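Single-structure report; data block below.
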Amino acid sequence: MSKAEVSLEHLYKVFTKPENNDSTLAKIERHLSDNVSDFLSQHVVTKKTSLEEIEQDFMEHCVPSEPDFVSSHAQHLLDNLVAHSVNTYSPTFIGHMTSALPYFHLPLAKLLVGLNQNLVKIETSKAFTPLERQVLGMMHNLVYQNDAKFYDKYIHSARHSLGAFCSGGTIANITALWVARNKLLGPQDGFAGVSKLGLAAAYQHANIKSLGVMSSKRGHYSLGKAVDVLGIGRNNMLTVASEPHVLSPEAALKVGKEYQEQGNKLLAIVGIAGTTETGHVDPLDELADVAKELGTWFHVDAAWGGATLFSDKHRGVMSGIEQADSVTIDAHKQMYVPMGAGMTLFKNPHDANVVRHHAQYILREGSKDLGATTLEGSRNGMALMVYSSLHIFGKRGYQLLIDKAIDLANSFAQMINEHDDFELVTSPVLSLLTYRITPKHLQNLAQVDAPTQEKINSTIDKLSVAVQKQQREAGKSFVSRTRIEAQKYQDHAITVFRVVLANPLTTKQDLVNILEEQLRIAKNTRSWKTLSKITLNT
Ligand SMILES: *Cc1c(COP(=O)(O)O)cnc(C)c1O
């Protein structure tokens with residue numbers, strides 16, 4: 001294959017729009033924009049199923065020394081990357097929170113890359129900065145519902161932030177706890193504050209052994225990362241046994257009191273509005289009261305579930321969220337925005353000032369540079385995608401999508417309940433549920449003695465793993481799996497299928513087909529044969 005010339009002249013050409021519409025690039029564009037749901041045909045995965053096989057295409061460890069033509073590189077991408085990508089747009093890809101996007105994001109992505117604004121500072125992002133602040137204002141209003149006067153005052157104020165836009169829920173959670181930490185251990189009585197002097201000095205000044213953060217056992221792993229990077233330490237992540245899937249306010253109060261009586265300070269209680277594994281929502285109202293009683297920050301991780309606030313019908317399950325000091329919402333989950341769009345919202349517009357940072361050449365005092373209070377530095381204008389989605393769907397459009405997803409999850413739950421060979425493990429609170437295959441004659445398993453139960457459950461676990469893997473490899477549909485403690489089985493952990501119904505194009509028939517396929521696969525496994533020989537003495 002001919003290589004491009006190594007000359008500045010050639011490289012200048014790479015920076016400018018090609019004169020004749022480059023055919024392979026155009027093909028990629030068409031591939032993506034013509035009919036997104038046809039992208040990668042109807043299959044969830046492509047022919048090369050093993051990761052090892054795909055790795056063979058990515059073995060070279062030296063940077064290519066010679067430049068390549070854009071056109072031949074585009075062909076290379078089609079062959080090696082596009083062809084083997086996962087089709088997250090497929091209506092039968094229902095295993096994760098990453099789903100289909102509305103088509104309008106493709107041209108918008110061009111705008112984003114085309115303008116290449118940097119939101120860290122006004123000098124590189126005029127117009128995008130006010131847009132991002134407005135988006136944060138709208139999302140703040142969705143959560144806290146303050147009056148117009150409040151938003152008029154704060155939305156564009158250089159000295160306040162209604163929130164921080166960032167790349168995702170992980171950074172949003174870290175940002176929230178960073179603000180909580182610096183506020184608690186801020187400058188006072190001659191002490192210069194944790195941000196200047198570090199944790200050791202701050203603990204000494206506050207006369208505490210340690211800070212801690214509390215959540216239910218269903219807390220997202222990003223909380224572990226947060227306490228790690230903030231210097232609090234993973235052992236001070238207090239995960240309280242969930243009852244059965246949410247943080248019990250009584251337990252939270254008890255554990256929090258004990259922790260503080262031992263000379264520690266509880267930095268924050270994290271309530272989860274839509275857990276990643278089962279979709280449950282903590283009792284936020286009660287947890288807000290517990291946080292008040294313990295004198296601690298209340299953060300709500302609504303990374304996935306936050307979009308439920310658009311629905312007048314369902315937002316009630318999150319009542320109490322408006323009492324949170326900070327709230328995480330990921331637009332790239334249920335708001336159908338491409339990845340890279342997370343937010344922390346602050347109830348008190350002054351709070352983010354505890355992490356405010358100034359530098360000489362940018363982020364000058366009194367400037368409206370967003371970078372002064374964000375953890376990340378250079379950032380693209382992803383807020384544009386949220387801005388456009390809020391306009392194109394509107395609150396009522398989002399409400400329809402959320403309501404539909406929850407309805408579909410309820411229909412699926414019913415389908416599973418009515419099926420002889422399936423067992424619903426957690427019912428949907430939002431649009432997420434877990435279930436497994438339990439052959440008809442074993443449906444009364446909860447009534448037999450514990451050792452027998454355990455033995456049979458471990459065989460069903462093997463069955464679930466085999467079915468999930470084979471279904472994924474067959475490439476028609478994708479359901480994820482996890483292990484959760486089942487109340488029904490004395491809180492022993494069992495393996496379950498996990499389904500997130502986010503794609504509006506998923507139909508009930510798709511779900512019927514997925515169950516049929518799972519049962520068909522199951523009946524060909526060794527575990528199924530083992531299970532069919534068992535009789536229960538109830
Ligand atoms: C997805 C998720 C996160 C992490 O968000 P990322 O965007 O993946 O960084 C945190 N908490 C919850 C509850 C989530 O669902």
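Going by the structure tokens order, chains are called A, B, ..., each with residues numbered from 1, while ligands are numbered from 1 in the order shown.
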| message | Could you pull out the strand (DSSP E or B) residues of range 215-342 of chain A, going by DSSP on the backbone, and write them as an MDAnalysis selection string? | response | chainID A and resid 215:216 237:240 242 247 265:273 281 297:301 326:330 342
What does the file look like for those residues with C-alpha atoms, as an mmCIF file, in the first residue's frame?
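selection.cif was written with the following content:
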```cif
data_model
loop_
_atom_site.group_PDB
_atom_site.id
_atom_site.type_symbol
_atom_site.label_atom_id
_atom_site.label_comp_id
_atom_site.auth_asym_id
_atom_site.auth_seq_id
_atom_site.Cartn_x
_atom_site.Cartn_y
_atom_site.Cartn_z
ATOM 1 C CA SER A 215 -23.645 4.333 51.555
ATOM 2 C CA SER A 216 -25.569 1.093 51.203
ATOM 3 C CA MET A 237 -16.097 3.808 53.135
ATOM 4 C CA LEU A 238 -18.827 2.552 55.454
ATOM 5 C CA THR A 239 -21.044 0.251 53.448
ATOM 6 C CA VAL A 240 -24.094 -0.482 55.518
ATOM 7 C CA SER A 242 -28.886 -2.915 52.701
ATOM 8 C CA LEU A 247 -29.854 2.003 52.956
ATOM 9 C CA LYS A 265 -16.294 12.389 61.626
ATOM 10 C CA LEU A 266 -18.779 11.174 59.054
ATOM 11 C CA LEU A 267 -18.147 13.379 56.014
ATOM 12 C CA ALA A 268 -21.149 12.355 53.967
ATOM 13 C CA ILE A 269 -24.077 10.023 53.585
ATOM 14 C CA VAL A 270 -24.559 9.000 49.991
ATOM 15 C CA GLY A 271 -28.123 8.117 49.078
ATOM 16 C CA ILE A 272 -28.500 6.288 45.786
ATOM 17 C CA ALA A 273 -31.340 7.113 43.449
ATOM 18 C CA VAL A 281 -33.866 4.063 45.288
ATOM 19 C CA TRP A 297 -23.214 16.301 54.099
ATOM 20 C CA PHE A 298 -25.973 14.572 52.138
ATOM 21 C CA HIS A 299 -25.058 13.553 48.604
ATOM 22 C CA VAL A 300 -27.429 11.766 46.242
ATOM 23 C CA ASP A 301 -25.945 9.626 43.486
ATOM 24 C CA SER A 326 -25.221 17.743 46.096
ATOM 25 C CA VAL A 327 -26.637 15.487 43.398
ATOM 26 C CA THR A 328 -24.896 13.516 40.647
ATOM 27 C CA ILE A 329 -26.696 13.055 37.332
ATOM 28 C CA ASP A 330 -25.261 11.439 34.210
ATOM 29 C CA GLY A 342 -21.937 14.052 33.859
#
```
| query | Please, which residues have at least one atom within 8 Å of an atom of ligand 1, using only C-alpha atoms and all ligand atoms, listed as JSON, numbers by chain? | reply | {"A": [97, 167, 168, 169, 170, 171, 172, 173, 219, 220, 221, 222, 223, 272, 273, 274, 275, 276, 301, 302, 303, 304, 305, 328, 330, 332, 333, 339, 340, 341, 342]}
| query | From the set A:Lys455, A:Lys153, A:His10, A:Lys183, which residue has the shortest atom-to-atom contact distance to His492 in chain A, counting only C-alpha atoms? | reply |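 Among A:Lys455, A:Lys153, A:His10, A:Lys183, it is A:Lys455 that comes nearest to His492 in chain A.
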| task | Go through A:Tyr336, A:Ala331, A:Leu501, A:Ile494 one by one, measure the shortest atom-to-atom distance of each to Lys404 in chain A using only C-alpha atoms, and give the residue with the smallest value. | result |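 The closest residue to Lys404 in chain A is A:Leu501.
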| request: Can you check which residues of range 329-483 of chain A DSSP gives as alpha helix (DSSP H) on the backbone and send them as an MDAnalysis selection string? | output: chainID A and resid 383:418 450:474
| query | For Pro107 in chain A, which residue out of A:Met385, A:Ile460, A:Leu442, A:Met138 is the nearest one, using only C-alpha atoms? | reply |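 Once distances to Pro107 in chain A are computed over only C-alpha atoms, the minimum belongs to A:Met385.
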For His314 in chain A, list every protein, DNA or RNA residue within 10 Å, evaluated using only C-alpha atoms, and leave out those in the same chain fewer than 2 positions away; present the list as a PDB file with C-alpha atoms, in the first residue's frame.
```
ATOM      1  CA  THR A 308     -36.736  10.008  36.451  1.00  0.00           C
ATOM      2  CA  LEU A 309     -37.230  13.571  37.714  1.00  0.00           C
ATOM      3  CA  PHE A 310     -38.636  14.442  34.280  1.00  0.00           C
ATOM      4  CA  SER A 311     -41.590  12.174  34.951  1.00  0.00           C
ATOM      5  CA  ASP A 312     -44.407  13.653  37.023  1.00  0.00           C
ATOM      6  CA  GLY A 316     -42.138  10.775  43.678  1.00  0.00           C
ATOM      7  CA  VAL A 317     -39.874   7.752  44.240  1.00  0.00           C
ATOM      8  CA  MET A 318     -37.028  10.246  44.601  1.00  0.00           C
ATOM      9  CA  SER A 319     -38.726  12.535  47.023  1.00  0.00           C
ATOM     10  CA  GLN A 399     -41.336  11.996  30.609  1.00  0.00           C
ATOM     11  CA  ILE A 402     -39.034   7.403  31.124  1.00  0.00           C
ATOM     12  CA  ASP A 403     -42.629   6.284  31.628  1.00  0.00           C
ATOM     13  CA  ILE A 406     -40.690   1.744  33.349  1.00  0.00           C
ATOM     14  CA  VAL A 429     -38.537   0.210  40.793  1.00  0.00           C
ATOM     15  CA  LEU A 430     -37.355   2.042  37.682  1.00  0.00           C
TER      16      LEU A 430
END
```
| Of the candidates A:Val499, A:Ile122, A:Leu162, A:Ile456, which shows the shortest atom-to-atom distance to Leu424 in chain A, using only C-alpha atoms? |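 Counting only C-alpha atoms, the residue closest to Leu424 in chain A is A:Val499.
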| Hey, what's within 8 Å of His245 in chain A if we count only C-alpha atoms and toss same-chain stuff fewer than 5 positions away? As a list in words, please? | Ser216, Lys217, Arg218, Thr278 and His280 of chain A
Kindly export the residues of the current selection with N, CA, C and O atoms, as a PDB file, in the first residue's frame.
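What ended up in part_17.pdb:
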```
ATOM      1  N   SER A 216     -25.137   2.482  51.090  1.00  0.00           N
ATOM      2  CA  SER A 216     -25.569   1.093  51.203  1.00  0.00           C
ATOM      3  C   SER A 216     -24.542   0.220  50.493  1.00  0.00           C
ATOM      4  O   SER A 216     -23.640   0.719  49.831  1.00  0.00           O
ATOM      5  N   LYS A 217     -24.707  -1.096  50.627  1.00  0.00           N
ATOM      6  CA  LYS A 217     -23.793  -2.013  49.949  1.00  0.00           C
ATOM      7  C   LYS A 217     -23.892  -1.901  48.434  1.00  0.00           C
ATOM      8  O   LYS A 217     -23.012  -2.349  47.712  1.00  0.00           O
ATOM      9  N   ARG A 218     -24.956  -1.276  47.971  1.00  0.00           N
ATOM     10  CA  ARG A 218     -25.158  -1.142  46.528  1.00  0.00           C
ATOM     11  C   ARG A 218     -24.485   0.106  45.952  1.00  0.00           C
ATOM     12  O   ARG A 218     -24.691   0.450  44.808  1.00  0.00           O
ATOM     13  N   THR A 278     -29.434  -3.043  40.767  1.00  0.00           N
ATOM     14  CA  THR A 278     -30.837  -3.458  40.829  1.00  0.00           C
ATOM     15  C   THR A 278     -31.822  -2.319  40.584  1.00  0.00           C
ATOM     16  O   THR A 278     -33.026  -2.546  40.527  1.00  0.00           O
ATOM     17  N   HIS A 280     -32.671   0.160  42.597  1.00  0.00           N
ATOM     18  CA  HIS A 280     -33.439   0.613  43.761  1.00  0.00           C
ATOM     19  C   HIS A 280     -33.103   2.048  44.148  1.00  0.00           C
ATOM     20  O   HIS A 280     -32.031   2.550  43.838  1.00  0.00           O
TER      21      HIS A 280
END
```
| remark: Across A:Asp369, A:Asp420, A:Glu250, A:Asp325, the smallest distance to Thr344 in chain A, with only C-alpha atoms counted, is shown by A:Asp325
| query | So how many Å separate CA of Asn444 in chain A and CA of Ser248 in chain A, to one decimal? | reply | 28.9 Å
| request: Would you please work out which residue, of A:Leu136, A:Val467, A:Leu433, A:Val448, is nearest to Phe346 in chain A when using only C-alpha atoms? | output: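 Closest to Phe346 in chain A, using only C-alpha atoms: A:Leu136.
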| query | What is the distance, in Å and to one decimal place, between CA of Lys488 in chain A and CA of Ala446 in chain A? | reply |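 Rounded to one decimal, the two atoms are 6.3 Å apart.
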Using only C-alpha atoms, which protein or nucleic acid residues come within 9 Å of Leu463 in chain A? Drop anything in the same chain fewer than 3 positions from it, and give the result as a short mmCIF file (atom, residue, chain, number, x, y, z; two decimals) with N, CA, C and O atoms, in the first residue's frame.
```cif
data_model
loop_
_atom_site.label_atom_id
_atom_site.label_comp_id
_atom_site.auth_asym_id
_atom_site.auth_seq_id
_atom_site.Cartn_x
_atom_site.Cartn_y
_atom_site.Cartn_z
N ILE A 437 -33.15 -18.15 35.38
CA ILE A 437 -33.90 -19.34 34.96
C ILE A 437 -33.95 -20.28 36.15
O ILE A 437 -32.92 -20.62 36.72
N SER A 458 -26.27 -23.26 43.58
CA SER A 458 -24.97 -23.16 42.92
C SER A 458 -25.02 -23.78 41.53
O SER A 458 -24.31 -23.34 40.63
N THR A 459 -25.88 -24.79 41.35
CA THR A 459 -26.04 -25.34 39.99
C THR A 459 -26.79 -24.35 39.11
O THR A 459 -26.45 -24.16 37.93
N ILE A 460 -27.80 -23.70 39.66
CA ILE A 460 -28.52 -22.68 38.87
C ILE A 460 -27.57 -21.53 38.51
O ILE A 460 -27.64 -20.98 37.42
N ALA A 466 -23.56 -19.91 32.09
CA ALA A 466 -23.46 -20.53 30.76
C ALA A 466 -24.42 -19.88 29.78
O ALA A 466 -24.06 -19.57 28.64
N VAL A 467 -25.65 -19.66 30.23
CA VAL A 467 -26.66 -19.09 29.33
C VAL A 467 -26.28 -17.66 28.93
O VAL A 467 -26.33 -17.30 27.75
N GLN A 468 -25.84 -16.87 29.90
CA GLN A 468 -25.50 -15.48 29.60
C GLN A 468 -24.36 -15.41 28.60
O GLN A 468 -24.39 -14.64 27.64
N ALA A 522 -30.48 -22.86 27.64
CA ALA A 522 -30.41 -23.54 28.94
C ALA A 522 -30.62 -25.05 28.80
O ALA A 522 -29.91 -25.85 29.41
N THR A 525 -27.68 -27.37 28.23
CA THR A 525 -26.52 -27.35 29.12
C THR A 525 -26.53 -28.56 30.05
O THR A 525 -27.57 -29.17 30.28
N ARG A 526 -25.34 -28.86 30.57
CA ARG A 526 -25.20 -29.96 31.52
C ARG A 526 -25.95 -29.61 32.82
O ARG A 526 -26.58 -30.46 33.43
N SER A 527 -25.86 -28.34 33.22
CA SER A 527 -26.53 -27.94 34.47
C SER A 527 -28.03 -28.22 34.42
O SER A 527 -28.63 -28.65 35.40
N TRP A 528 -28.63 -27.98 33.26
CA TRP A 528 -30.07 -28.22 33.12
C TRP A 528 -30.37 -29.70 33.38
O TRP A 528 -31.33 -30.03 34.08
#
```
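Across the model, the gap from CA of Leu177 in chain A to CA of Ala352 in chain A is 10.9 Å.
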